[in-house]
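Undergrad: This is protein_16.csv (CSV, C-alpha atoms and all ligand atoms).
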chain,number,residue,atom,x,y,z
A,1,MET,CA,76.9,35.4,41.8
A,2,PHE,CA,75.0,34.3,44.9
A,3,SER,CA,75.8,34.7,48.6
A,4,SER,CA,76.9,31.8,50.8
A,5,ARG,CA,73.5,32.2,52.5
A,6,ALA,CA,71.5,31.4,49.4
A,7,ARG,CA,70.1,27.9,49.4
A,8,LEU,CA,70.0,27.1,45.7
A,9,ASP,CA,70.0,23.3,46.0
A,10,SER,CA,66.3,22.4,45.9
A,11,THR,CA,66.9,18.7,45.1
A,12,PRO,CA,63.9,16.8,46.8
A,13,ASN,CA,64.8,14.3,49.4
A,14,ARG,CA,64.0,10.6,48.8
A,15,ILE,CA,60.7,10.8,50.7
A,16,ALA,CA,59.5,13.9,48.8
A,17,GLU,CA,60.4,12.1,45.5
A,18,VAL,CA,58.3,9.1,46.4
A,19,ILE,CA,55.4,11.3,47.5
A,20,SER,CA,55.4,13.2,44.3
A,21,HIS,CA,55.5,10.0,42.2
A,22,ARG,CA,52.6,8.6,44.2
A,23,ARG,CA,50.7,11.9,43.8
A,24,ALA,CA,51.3,11.9,40.0
A,25,SER,CA,50.1,8.4,39.6
A,26,GLY,CA,46.9,9.3,41.4
A,27,ALA,CA,47.5,6.8,44.2
A,28,GLY,CA,46.0,8.0,47.6
A,29,LEU,CA,48.0,9.6,50.4
A,30,ILE,CA,47.4,9.9,54.1
A,31,ASP,CA,49.3,12.8,55.4
A,32,LEU,CA,50.3,12.5,59.1
A,33,THR,CA,52.6,15.5,58.8
A,34,ALA,CA,49.9,18.2,58.3
A,35,SER,CA,51.0,21.4,59.8
A,36,ASN,CA,48.7,23.9,58.2
A,37,PRO,CA,45.6,24.4,60.4
A,38,THR,CA,43.7,26.1,57.6
A,39,THR,CA,43.8,23.1,55.3
A,40,CYS,CA,43.2,20.1,57.6
A,41,GLY,CA,39.4,20.1,57.7
A,42,LEU,CA,38.8,22.4,60.7
A,43,ASP,CA,35.7,24.5,60.5
A,44,TYR,CA,36.9,28.2,60.3
A,45,PRO,CA,34.8,31.3,61.1
A,46,HIS,CA,35.7,32.7,57.7
A,47,ALA,CA,32.9,35.3,57.7
A,48,GLN,CA,34.0,36.8,61.0
A,49,ILE,CA,37.7,36.8,60.0
A,50,GLY,CA,36.7,38.5,56.8
A,51,GLU,CA,34.6,41.2,58.6
A,52,ALA,CA,37.4,42.0,61.0
A,53,LEU,CA,39.9,42.4,58.1
A,54,ALA,CA,37.5,44.4,56.1
A,55,ILE,CA,37.2,47.0,58.9
A,56,GLY,CA,41.0,47.0,59.2
A,57,ALA,CA,41.3,47.6,55.4
A,58,LEU,CA,39.5,50.9,55.8
A,59,SER,CA,42.3,52.3,58.0
A,60,PRO,CA,45.0,54.6,56.6
A,61,TYR,CA,48.5,53.2,56.5
A,62,GLN,CA,50.2,53.4,59.9
A,63,PRO,CA,53.9,52.8,59.5
A,64,GLU,CA,54.9,52.0,63.1
A,65,PRO,CA,58.1,50.0,63.4
A,66,LEU,CA,57.2,48.2,66.6
A,67,GLY,CA,53.5,47.8,65.5
A,68,ILE,CA,50.5,50.1,66.0
A,69,ALA,CA,49.7,50.9,69.7
A,70,SER,CA,46.3,49.0,69.6
A,71,ALA,CA,48.0,45.9,68.2
A,72,ARG,CA,50.7,45.9,70.8
A,73,GLU,CA,48.1,46.3,73.5
A,74,ALA,CA,46.0,43.5,72.0
A,75,VAL,CA,49.0,41.1,72.3
A,76,ALA,CA,49.6,42.3,75.9
A,77,ALA,CA,45.9,41.7,76.7
A,78,HIS,CA,46.1,38.2,75.1
A,79,LEU,CA,49.1,37.4,77.3
A,80,ARG,CA,47.4,38.8,80.3
A,81,SER,CA,44.4,36.6,79.6
A,82,ARG,CA,46.7,33.6,80.1
A,83,GLY,CA,47.9,34.9,83.4
A,84,GLU,CA,50.9,36.9,82.4
A,85,SER,CA,51.6,40.5,83.5
A,86,ALA,CA,52.5,41.9,80.0
A,87,THR,CA,52.5,45.5,79.1
A,88,ALA,CA,52.2,46.9,75.5
A,89,THR,CA,55.4,48.8,75.7
A,90,ASP,CA,57.4,45.6,76.0
A,91,VAL,CA,55.8,44.1,72.9
A,92,ALA,CA,57.0,44.3,69.3
A,93,ILE,CA,54.8,43.2,66.4
A,94,THR,CA,56.4,41.2,63.5
A,95,ALA,CA,55.0,39.6,60.4
A,96,SER,CA,55.5,36.1,61.8
A,97,THR,CA,57.5,34.2,64.5
A,98,SER,CA,60.0,33.3,61.8
A,99,GLU,CA,60.5,37.0,61.1
A,100,ALA,CA,60.9,37.6,64.8
A,101,TYR,CA,63.8,35.2,64.9
A,102,GLY,CA,65.4,37.1,61.9
A,103,TYR,CA,65.0,40.5,63.8
A,104,LEU,CA,66.5,39.0,67.0
A,105,PHE,CA,69.4,37.5,65.2
A,106,LYS,CA,70.1,40.9,63.5
A,107,LEU,CA,69.7,42.6,66.9
A,108,LEU,CA,72.0,40.3,68.8
A,109,ALA,CA,74.6,38.8,66.5
A,110,ASP,CA,77.1,39.6,63.8
A,111,PRO,CA,77.9,37.3,60.9
A,112,GLY,CA,79.9,34.3,62.1
A,113,ASP,CA,78.4,34.5,65.6
A,114,GLN,CA,76.6,31.5,67.1
A,115,VAL,CA,73.2,30.6,68.5
A,116,VAL,CA,72.8,27.6,70.8
A,117,THR,CA,69.7,25.5,70.7
A,118,ALA,CA,68.5,22.1,71.9
A,119,ARG,CA,67.8,19.0,69.8
A,120,PRO,CA,65.4,17.4,68.8
A,121,ALA,CA,64.8,20.7,67.1
A,122,TYR,CA,62.4,22.7,65.0
A,123,PRO,CA,64.2,22.5,61.6
A,124,LEU,CA,63.5,26.0,60.4
A,125,LEU,CA,65.7,27.5,63.1
A,126,GLU,CA,68.9,26.3,61.4
A,127,HIS,CA,67.8,28.0,58.1
A,128,LEU,CA,66.8,31.2,59.8
A,129,ALA,CA,70.3,31.3,61.5
A,130,GLN,CA,72.0,30.6,58.2
A,131,SER,CA,70.0,33.4,56.5
A,132,GLU,CA,71.7,35.8,59.0
A,133,SER,CA,75.1,34.1,58.5
A,134,LEU,CA,75.0,32.6,61.9
A,135,ALA,CA,76.1,29.2,63.1
A,136,ILE,CA,73.9,26.9,65.2
A,137,ALA,CA,75.3,24.8,68.0
A,138,GLN,CA,73.0,22.1,69.3
A,139,PHE,CA,73.1,20.3,72.6
A,140,PRO,CA,70.9,17.2,73.2
A,141,LEU,CA,67.8,17.2,75.4
A,142,ALA,CA,68.1,14.5,78.1
A,143,ARG,CA,65.4,11.9,78.4
A,144,ASP,CA,64.5,9.8,81.4
A,145,GLY,CA,60.8,9.1,80.9
A,146,ARG,CA,60.4,12.7,79.9
A,147,TRP,CA,62.6,15.2,78.0
A,148,HIS,CA,64.4,17.7,80.1
A,149,LEU,CA,67.1,20.3,79.7
A,150,ASP,CA,70.7,19.2,80.6
A,151,VAL,CA,72.1,22.5,81.7
A,152,ASP,CA,75.6,21.2,81.7
A,153,ALA,CA,75.3,20.1,78.1
A,154,LEU,CA,73.9,23.6,77.3
A,155,ALA,CA,76.7,25.3,79.1
A,156,GLY,CA,79.2,23.1,77.2
A,157,SER,CA,77.8,24.3,73.9
A,158,ILE,CA,78.3,28.0,74.7
A,159,GLY,CA,81.5,29.4,73.1
A,160,PRO,CA,83.1,32.8,72.7
A,161,ARG,CA,80.9,33.7,69.7
A,162,THR,CA,77.6,32.5,71.2
A,163,ARG,CA,75.2,35.5,71.3
A,164,ALA,CA,72.0,33.8,72.3
A,165,VAL,CA,70.4,30.6,73.6
A,166,ALA,CA,67.1,29.8,71.7
A,167,LEU,CA,64.8,27.3,73.2
A,168,VAL,CA,61.3,26.2,72.1
A,169,HIS,CA,58.9,26.1,75.1
A,170,PRO,CA,57.1,23.8,74.7
A,171,ASN,CA,59.5,22.2,72.2
A,172,ASN,CA,58.6,21.2,68.7
A,173,PRO,CA,58.4,18.2,68.3
A,174,THR,CA,59.0,16.7,71.8
A,175,GLY,CA,56.2,18.9,73.3
A,176,SER,CA,58.4,19.3,76.4
A,177,TYR,CA,58.1,22.5,78.5
A,178,LEU,CA,61.0,24.0,80.4
A,179,THR,CA,60.5,23.7,84.1
A,180,LEU,CA,60.8,26.9,86.2
A,181,ALA,CA,64.0,25.5,87.7
A,182,GLU,CA,65.5,24.8,84.3
A,183,LEU,CA,64.5,28.3,83.0
A,184,ARG,CA,66.2,30.0,86.0
A,185,GLU,CA,69.4,28.0,85.5
A,186,VAL,CA,69.5,28.8,81.8
A,187,ALA,CA,68.8,32.5,82.6
A,188,GLY,CA,71.6,32.5,85.2
A,189,LEU,CA,74.0,31.1,82.7
A,190,CYS,CA,73.0,33.6,80.0
A,191,ALA,CA,73.3,36.5,82.4
A,192,ALA,CA,76.8,35.3,83.5
A,193,ARG,CA,77.9,35.0,79.8
A,194,GLY,CA,76.3,38.3,78.8
A,195,ILE,CA,74.1,36.6,76.2
A,196,ALA,CA,70.3,36.7,75.5
A,197,LEU,CA,67.6,34.0,75.9
A,198,ILE,CA,65.1,33.5,73.1
A,199,SER,CA,62.1,31.5,74.2
A,200,ASP,CA,59.9,30.4,71.3
A,201,GLU,CA,56.4,30.0,72.8
A,202,VAL,CA,54.3,29.5,69.7
A,203,PHE,CA,52.7,26.4,71.2
A,204,HIS,CA,52.1,27.8,74.7
A,205,ASP,CA,48.3,27.8,74.2
A,206,TYR,CA,48.3,24.1,73.6
A,207,PRO,CA,49.1,22.1,76.7
A,208,ILE,CA,47.9,18.5,76.5
A,209,GLU,CA,49.4,16.3,79.1
A,210,ALA,CA,51.0,19.2,80.9
A,211,ARG,CA,53.3,18.4,83.8
A,212,ALA,CA,53.6,20.0,87.2
A,213,GLY,CA,56.5,22.5,87.4
A,214,ALA,CA,56.2,23.7,83.8
A,215,ALA,CA,57.3,27.3,83.5
A,216,ARG,CA,55.1,30.1,82.2
A,217,SER,CA,56.3,32.4,79.5
A,218,ALA,CA,60.0,33.2,80.0
A,219,ALA,CA,59.6,37.0,79.7
A,220,ASP,CA,57.0,36.9,82.5
A,221,TYR,CA,59.6,36.1,85.1
A,222,ASP,CA,62.1,38.6,86.4
A,223,LEU,CA,65.0,36.8,84.9
A,224,PRO,CA,68.6,38.2,85.2
A,225,CYS,CA,69.2,38.0,81.4
A,226,LEU,CA,67.7,39.8,78.4
A,227,THR,CA,64.8,37.6,77.5
A,228,PHE,CA,62.6,37.4,74.4
A,229,SER,CA,59.3,35.4,74.3
A,230,LEU,CA,58.0,34.8,70.9
A,231,GLY,CA,54.4,34.0,69.7
A,232,GLY,CA,52.1,34.5,66.8
A,233,LEU,CA,48.6,34.3,65.4
A,234,SER,CA,49.7,31.3,63.3
A,235,LYS,CA,49.4,29.0,66.4
A,236,SER,CA,47.6,31.1,69.0
A,237,ALA,CA,44.7,31.7,66.7
A,238,GLY,CA,45.3,29.1,64.1
A,239,MET,CA,45.7,31.9,61.5
A,240,PRO,CA,49.1,31.5,59.8
A,241,HIS,CA,47.8,33.2,56.7
A,242,LEU,CA,47.3,36.5,58.4
A,243,LYS,CA,51.1,36.9,59.0
A,244,LEU,CA,51.3,38.4,62.5
A,245,GLY,CA,53.7,37.5,65.3
A,246,TRP,CA,55.2,39.1,68.3
A,247,ILE,CA,58.1,39.5,70.6
A,248,ARG,CA,57.7,40.2,74.3
A,249,VAL,CA,60.9,41.6,75.8
A,250,GLY,CA,61.8,40.8,79.4
A,251,GLY,CA,64.8,41.0,81.7
A,252,PRO,CA,66.8,43.9,83.2
A,253,GLN,CA,65.3,47.3,82.4
A,254,GLU,CA,68.3,48.9,80.7
A,255,LEU,CA,68.8,45.9,78.3
A,256,ARG,CA,65.1,45.8,77.6
A,257,VAL,CA,65.0,49.5,76.6
A,258,ASN,CA,68.0,49.1,74.3
A,259,ALA,CA,66.6,45.9,72.8
A,260,LEU,CA,63.3,47.7,72.0
A,261,ARG,CA,65.3,50.6,70.5
A,262,GLY,CA,67.2,48.1,68.3
A,263,LEU,CA,64.0,46.3,67.3
A,264,GLU,CA,62.4,49.6,66.4
A,265,ALA,CA,65.3,50.4,64.0
A,266,ILE,CA,65.2,47.0,62.4
A,267,GLY,CA,61.4,47.2,62.1
A,268,ASP,CA,61.7,50.6,60.5
A,269,ASP,CA,63.7,49.1,57.7
A,270,PHE,CA,61.0,46.6,56.7
A,271,LEU,CA,57.6,47.8,58.1
A,272,ALA,CA,56.5,44.3,57.2
A,273,VAL,CA,53.2,43.9,59.1
A,274,ALA,CA,50.1,44.9,57.1
A,275,THR,CA,48.0,47.7,58.8
A,276,PRO,CA,44.6,45.9,58.3
A,277,VAL,CA,45.7,42.8,60.3
A,278,GLN,CA,47.1,45.0,63.1
A,279,VAL,CA,43.9,47.1,63.3
A,280,ALA,CA,41.8,43.8,63.3
A,281,LEU,CA,44.0,42.2,66.0
A,282,PRO,CA,41.8,42.7,69.1
A,283,ARG,CA,38.9,41.1,67.2
A,284,LEU,CA,41.1,38.4,65.7
A,285,PHE,CA,42.1,37.3,69.2
A,286,GLU,CA,38.4,36.9,70.1
A,287,ILE,CA,37.7,34.9,67.0
A,288,GLY,CA,40.9,33.0,67.4
A,289,ALA,CA,39.7,31.6,70.7
A,290,THR,CA,37.1,29.5,68.8
A,291,VAL,CA,39.7,28.2,66.3
A,292,ARG,CA,42.1,27.4,69.2
A,293,ASP,CA,39.4,25.4,70.9
A,294,ARG,CA,38.8,23.4,67.8
A,295,ILE,CA,42.5,22.8,67.3
A,296,ARG,CA,42.8,21.7,71.0
A,297,ALA,CA,39.9,19.3,70.5
A,298,ARG,CA,41.5,18.0,67.3
A,299,THR,CA,44.9,17.3,68.8
A,300,ARG,CA,43.5,15.6,71.8
A,301,LEU,CA,41.3,13.3,69.8
A,302,SER,CA,44.1,12.5,67.4
A,303,LEU,CA,46.3,11.6,70.3
A,304,ILE,CA,43.8,9.3,71.8
A,305,ALA,CA,43.2,7.6,68.4
A,306,LEU,CA,47.0,7.3,67.8
A,307,ARG,CA,47.6,5.7,71.2
A,308,GLN,CA,44.7,3.3,70.8
A,309,ILE,CA,45.9,2.0,67.4
A,310,LEU,CA,49.6,1.9,68.0
A,311,SER,CA,49.1,0.2,71.4
A,312,ALA,CA,48.3,-3.0,69.3
A,313,GLU,CA,52.1,-3.3,68.7
A,314,LYS,CA,54.0,-3.7,71.9
A,315,SER,CA,57.3,-2.5,70.5
A,316,ILE,CA,55.9,0.9,69.8
A,317,GLU,CA,55.6,3.7,72.4
A,318,VAL,CA,53.7,7.0,72.0
A,319,LEU,CA,55.6,9.4,74.3
A,320,PRO,CA,53.7,11.7,76.6
A,321,VAL,CA,52.7,14.9,74.8
A,322,GLU,CA,53.1,17.8,77.3
A,323,GLY,CA,52.0,20.3,74.7
A,324,GLY,CA,52.0,21.3,71.0
A,325,TRP,CA,50.7,19.8,67.9
A,326,SER,CA,53.0,16.7,67.5
A,327,ALA,CA,53.4,13.2,69.0
A,328,VAL,CA,56.7,11.5,69.1
A,329,VAL,CA,56.5,7.8,68.5
A,330,ARG,CA,59.4,5.5,69.5
A,331,VAL,CA,59.8,2.4,67.3
A,332,PRO,CA,62.4,-0.4,67.5
A,333,ARG,CA,65.7,0.6,65.8
A,334,ILE,CA,65.6,-2.2,63.2
A,335,VAL,CA,65.8,-0.1,60.0
A,336,ALA,CA,66.8,3.6,59.5
A,337,ASP,CA,63.9,6.0,60.2
A,338,GLU,CA,64.2,7.2,56.7
A,339,ASP,CA,63.7,3.7,55.3
A,340,LEU,CA,60.8,3.2,57.5
A,341,ALA,CA,59.2,6.4,56.4
A,342,LEU,CA,59.9,5.5,52.8
A,343,ALA,CA,58.3,2.1,53.1
A,344,LEU,CA,55.3,3.6,54.7
A,345,VAL,CA,54.7,6.1,51.9
A,346,GLU,CA,55.7,3.7,49.1
A,347,TYR,CA,53.6,0.7,50.1
A,348,PHE,CA,50.8,2.3,52.2
A,349,GLY,CA,50.7,5.9,51.1
A,350,VAL,CA,51.3,7.1,54.7
A,351,ILE,CA,53.4,10.3,54.9
A,352,ILE,CA,55.2,10.6,58.3
A,353,HIS,CA,58.2,12.5,59.5
A,354,PRO,CA,61.2,10.4,60.3
A,355,GLY,CA,63.1,11.5,63.5
A,356,TYR,CA,66.1,12.8,61.6
A,357,PHE,CA,64.0,15.7,60.2
A,358,PHE,CA,64.1,17.0,63.7
A,359,ASP,CA,67.7,16.0,64.5
A,360,PHE,CA,66.9,13.1,66.8
A,361,GLU,CA,70.2,11.6,67.8
A,362,SER,CA,69.5,8.1,66.6
A,363,ASP,CA,67.1,6.1,64.6
A,364,GLY,CA,63.9,4.7,66.2
A,365,TRP,CA,61.8,7.9,66.1
A,366,LEU,CA,58.8,9.0,64.1
A,367,VAL,CA,56.8,12.2,64.5
A,368,VAL,CA,53.0,12.4,63.9
A,369,SER,CA,51.2,15.6,63.5
A,370,LEU,CA,48.1,15.7,65.8
A,371,LEU,CA,46.5,18.3,63.5
A,372,SER,CA,45.8,15.3,61.2
A,373,PRO,CA,42.1,14.5,61.2
A,374,GLN,CA,41.2,11.5,63.4
A,375,GLU,CA,40.2,9.4,60.4
A,376,ASP,CA,43.6,9.9,58.8
A,377,ILE,CA,45.3,9.0,62.1
A,378,GLU,CA,43.2,5.9,62.3
A,379,GLU,CA,43.9,4.9,58.6
A,380,GLY,CA,47.5,5.9,58.8
A,381,ALA,CA,48.5,4.4,62.2
A,382,ARG,CA,47.4,0.9,61.4
A,383,PRO,CA,50.0,0.3,58.7
A,384,ILE,CA,52.6,1.8,61.0
A,385,ALA,CA,51.7,-0.8,63.7
A,386,GLU,CA,51.6,-3.6,61.1
A,387,LEU,CA,54.8,-2.8,59.4
A,388,VAL,CA,56.7,-2.4,62.7
A,389,ALA,CA,55.2,-5.7,63.9
A,390,VAL,CA,56.6,-7.5,60.8
A,391,LEU,CA,60.0,-5.9,61.2
A,392,ALA,CA,60.2,-6.5,64.9
A,393,ALA,CA,59.1,-10.2,64.6
A,394,PRO,CA,61.9,-12.6,65.6
A,401,LIG,C1,58.4,26.1,67.1
A,401,LIG,C2,58.0,27.0,66.0
A,401,LIG,N1,58.4,28.3,65.9
A,401,LIG,C3,58.0,29.1,65.0
A,401,LIG,C4,57.2,28.7,63.9
A,401,LIG,C5,56.8,29.6,62.9
A,401,LIG,O1,55.7,30.3,63.2
A,401,LIG,P1,55.2,31.5,62.2
A,401,LIG,O2,54.1,30.9,61.3
A,401,LIG,O3,54.6,32.5,63.2
A,401,LIG,O4,56.3,32.0,61.5
A,401,LIG,C6,56.7,27.3,63.9
A,401,LIG,C7,55.9,26.8,62.8
A,401,LIG,O5,55.5,25.7,62.7
A,401,LIG,C8,57.2,26.5,64.9
A,401,LIG,O6,56.8,25.2,65.0
Let me see whether you can do it: turn the structure in this file into structure tokens.
Ligand SMILES: Cc1ncc(COP(=O)(O)O)c(C=O)c1O
TA:
Amino acid sequence: MFSSRARLDSTPNRIAEVISHRRASGAGLIDLTASNPTTCGLDYPHAQIGEALAIGALSPYQPEPLGIASAREAVAAHLRSRGESATATDVAITASTSEAYGYLFKLLADPGDQVVTARPAYPLLEHLAQSESLAIAQFPLARDGRWHLDVDALAGSIGPRTRAVALVHPNNPTGSYLTLAELREVAGLCAARGIALISDEVFHDYPIEARAGAARSAADYDLPCLTFSLGGLSKSAGMPHLKLGWIRVGGPQELRVNALRGLEAIGDDFLAVATPVQVALPRLFEIGATVRDRIRARTRLSLIALRQILSAEKSIEVLPVEGGWSAVVRVPRIVADEDLALALVEYFGVIIHPGYFFDFESDGWLVVSLLSPQEDIEEGARPIAELVAVLAAP
């Protein structure tokens, strides 16, 4: 009855089961995995967002497959405001960054083809590829104090059916940016193999402990391969509920023109982006600057609190956070990450992501969302330090 792409098995994992039992019993929970900025206690300019959308709602329907001209220009202006040289004609509007992946996979690959990506990885990518009947091949990021791209490992993952390399820049959850040298090497490799580079830049507006040499947006360089830089209101303006993302196309002119033609045809099938949000977009970027500042302040304070509390236990290390909304925490490999996460929720009500959620290669990793309010970080980090201290004791 159902396709091989349908994911019908919705059995909850062990951690989700314990969380729902705890919730049902009325016991408290401290969520250190919060990823929805609209529900984590940030003050939102709701009235201004409402006014902007109300004006948009007065507009007639404008079915434009690549997005209405003023929305494409608003995205280009947003990118220019961060120092890029974007033009509206290279921008396609989508209903989210996730949808943008779907469009690009349709554009670039046939069922059975493959997309190469790095791990630790953003988990949704695998599902999005599966929805298009594509395979994902992962190569590990290297780490020597900081995460970086091992271009040989990437090259080794490219096979005859690889159609694209998809990298998250800065990466979720490691926060690591590509350096310009890494980006140029990858682009050279993609050009030589005739495949495209997808650069997911949803966290580009959130540098924290940024490093020298970090590359700007991939599509902003004159790279030799077809390049797609992805972004969206969900992160850039903290407005995931408004459902608007974008693709900026870069690379050689002829490929770029054809890619935009293909995206236009795919966009025409769905016409997924609501007109009011597109009409409101220039104003939403203005309002979004305030939200972005609040998220930036939140993530920075959360990181300070996390470091301060976890530094009480010497066997724990909070890795540098170059950018994004997550901190990676290294813990001794005494028990499986899943068991550690289970113990934390079962005994202390602390919800945390174990590293395997993000395809870390080994145990010894936890991921904390820095969107979590500072008081939750403080309350939730203490049991982590205490439990690890007990486990690590000789
Ligand atoms: C790396 C990355 N890409 C894409 C997305 C999805 O963004 P959107 O809400 O625009 O679909 C997320 C959401 O968390 C993400 O972390």
Undergrad: How many Å separate atom CA of Leu124 of chain A from atom CA of His353 of chain A?
TA: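 Computing the Euclidean distance for atom CA of Leu124 of chain A and atom CA of His353 of chain A yields 14.5 Å.
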Undergrad: Using all atoms listed in the file, which residues of chain A come within 9 Å of ligand LIG 401 (chain A), and what is the closest atom pair for each, with the distance in Å to one decimal? Give it as JSON lines, sorted by chain and residue number.
TA:
{"residue": "A:Ser35", "atom": "CA", "partner": "A:LIG401", "partner_atom": "O5", "distance": 6.9}
{"residue": "A:Asn36", "atom": "CA", "partner": "A:LIG401", "partner_atom": "O5", "distance": 8.4}
{"residue": "A:Thr94", "atom": "CA", "partner": "A:LIG401", "partner_atom": "O3", "distance": 8.9}
{"residue": "A:Ala95", "atom": "CA", "partner": "A:LIG401", "partner_atom": "O3", "distance": 7.6}
{"residue": "A:Ser96", "atom": "CA", "partner": "A:LIG401", "partner_atom": "O3", "distance": 4.0}
{"residue": "A:Thr97", "atom": "CA", "partner": "A:LIG401", "partner_atom": "O3", "distance": 3.6}
{"residue": "A:Ser98", "atom": "CA", "partner": "A:LIG401", "partner_atom": "O4", "distance": 3.9}
{"residue": "A:Glu99", "atom": "CA", "partner": "A:LIG401", "partner_atom": "O4", "distance": 6.5}
{"residue": "A:Ala100", "atom": "CA", "partner": "A:LIG401", "partner_atom": "O4", "distance": 8.0}
{"residue": "A:Tyr101", "atom": "CA", "partner": "A:LIG401", "partner_atom": "C3", "distance": 8.4}
{"residue": "A:Ala121", "atom": "CA", "partner": "A:LIG401", "partner_atom": "C1", "distance": 8.4}
{"residue": "A:Tyr122", "atom": "CA", "partner": "A:LIG401", "partner_atom": "C1", "distance": 5.7}
{"residue": "A:Pro123", "atom": "CA", "partner": "A:LIG401", "partner_atom": "O6", "distance": 8.6}
{"residue": "A:Leu124", "atom": "CA", "partner": "A:LIG401", "partner_atom": "C4", "distance": 7.7}
{"residue": "A:Leu125", "atom": "CA", "partner": "A:LIG401", "partner_atom": "N1", "distance": 7.9}
{"residue": "A:Leu167", "atom": "CA", "partner": "A:LIG401", "partner_atom": "C1", "distance": 8.9}
{"residue": "A:Val168", "atom": "CA", "partner": "A:LIG401", "partner_atom": "C1", "distance": 5.8}
{"residue": "A:His169", "atom": "CA", "partner": "A:LIG401", "partner_atom": "C1", "distance": 8.0}
{"residue": "A:Pro170", "atom": "CA", "partner": "A:LIG401", "partner_atom": "C1", "distance": 8.0}
{"residue": "A:Asn171", "atom": "CA", "partner": "A:LIG401", "partner_atom": "C1", "distance": 6.5}
{"residue": "A:Asn172", "atom": "CA", "partner": "A:LIG401", "partner_atom": "C1", "distance": 5.2}
{"residue": "A:Pro173", "atom": "CA", "partner": "A:LIG401", "partner_atom": "O6", "distance": 7.9}
{"residue": "A:Asp200", "atom": "CA", "partner": "A:LIG401", "partner_atom": "N1", "distance": 6.0}
{"residue": "A:Glu201", "atom": "CA", "partner": "A:LIG401", "partner_atom": "C1", "distance": 7.2}
{"residue": "A:Val202", "atom": "CA", "partner": "A:LIG401", "partner_atom": "N1", "distance": 5.7}
{"residue": "A:Phe203", "atom": "CA", "partner": "A:LIG401", "partner_atom": "C1", "distance": 7.0}
{"residue": "A:Leu230", "atom": "CA", "partner": "A:LIG401", "partner_atom": "C3", "distance": 8.2}
{"residue": "A:Gly231", "atom": "CA", "partner": "A:LIG401", "partner_atom": "O3", "distance": 6.7}
{"residue": "A:Gly232", "atom": "CA", "partner": "A:LIG401", "partner_atom": "O3", "distance": 4.8}
{"residue": "A:Leu233", "atom": "CA", "partner": "A:LIG401", "partner_atom": "O3", "distance": 6.6}
{"residue": "A:Ser234", "atom": "CA", "partner": "A:LIG401", "partner_atom": "O2", "distance": 4.8}
{"residue": "A:Lys235", "atom": "CA", "partner": "A:LIG401", "partner_atom": "O3", "distance": 7.0}
{"residue": "A:Met239", "atom": "CA", "partner": "A:LIG401", "partner_atom": "O2", "distance": 8.5}
{"residue": "A:Pro240", "atom": "CA", "partner": "A:LIG401", "partner_atom": "O2", "distance": 5.3}
{"residue": "A:His241", "atom": "CA", "partner": "A:LIG401", "partner_atom": "O2", "distance": 8.1}
{"residue": "A:Lys243", "atom": "CA", "partner": "A:LIG401", "partner_atom": "O3", "distance": 7.0}
{"residue": "A:Leu244", "atom": "CA", "partner": "A:LIG401", "partner_atom": "O3", "distance": 6.8}
{"residue": "A:Gly245", "atom": "CA", "partner": "A:LIG401", "partner_atom": "O3", "distance": 5.5}
{"residue": "A:Trp246", "atom": "CA", "partner": "A:LIG401", "partner_atom": "O3", "distance": 8.4}
{"residue": "A:Gly324", "atom": "CA", "partner": "A:LIG401", "partner_atom": "O6", "distance": 8.6}
{"residue": "A:Trp325", "atom": "CA", "partner": "A:LIG401", "partner_atom": "O6", "distance": 8.6}
Undergrad: How many Å separate atom CA of Gly159 of chain A from atom CA of Asp110 of chain A?
TA: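 That distance, rounded to one decimal, is 14.5 Å.
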Undergrad: Taking (59.1, 7.1, 74.2) as a centre in this file's frame and 10 Å as the limit, can you find every polymer residue with an atom that close, using only C-alpha atoms, and give them as a VMD selection string?
TA: chain A and resid 143 to 147 174 316 to 320 327 to 331 364 to 365
Undergrad: For Leu281 of chain A, which of A:Ala237, A:Gln62, A:Ser3, A:Leu223 is the closest residue, counting all atoms listed in the file?
TA: A:Ala237
Undergrad: Rank nothing, just name the residue among A:Tyr221, A:Phe139, A:Phe105, A:Tyr44 nearest to Arg292 of chain A, using all atoms listed in the file.
TA: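 Using all atoms listed in the file, Arg292 of chain A sits closest to A:Tyr44.
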Undergrad: Taking all atoms listed in the file into account, name the residue in A:Ala54, A:Ala153, A:Leu134, A:Ala214 that is nearest to Leu108 of chain A.
TA: A:Leu134
Undergrad: Could you check the closest approach to Glu338 of chain A for each of A:Ser362, A:Gln278, A:Ser133, A:Ser326 and tell me which residue wins, using all atoms listed in the file?
TA: A:Ser362
Undergrad: Which residues are near Leu271 of chain A? Cut-off 12 Å, only C-alpha atoms, ignore same chain within fewer than 3 positions. Put them as an MDAnalysis selection string.
TA: chainID A and resid 61:68 92:95 99 103 263:268 274:275 278
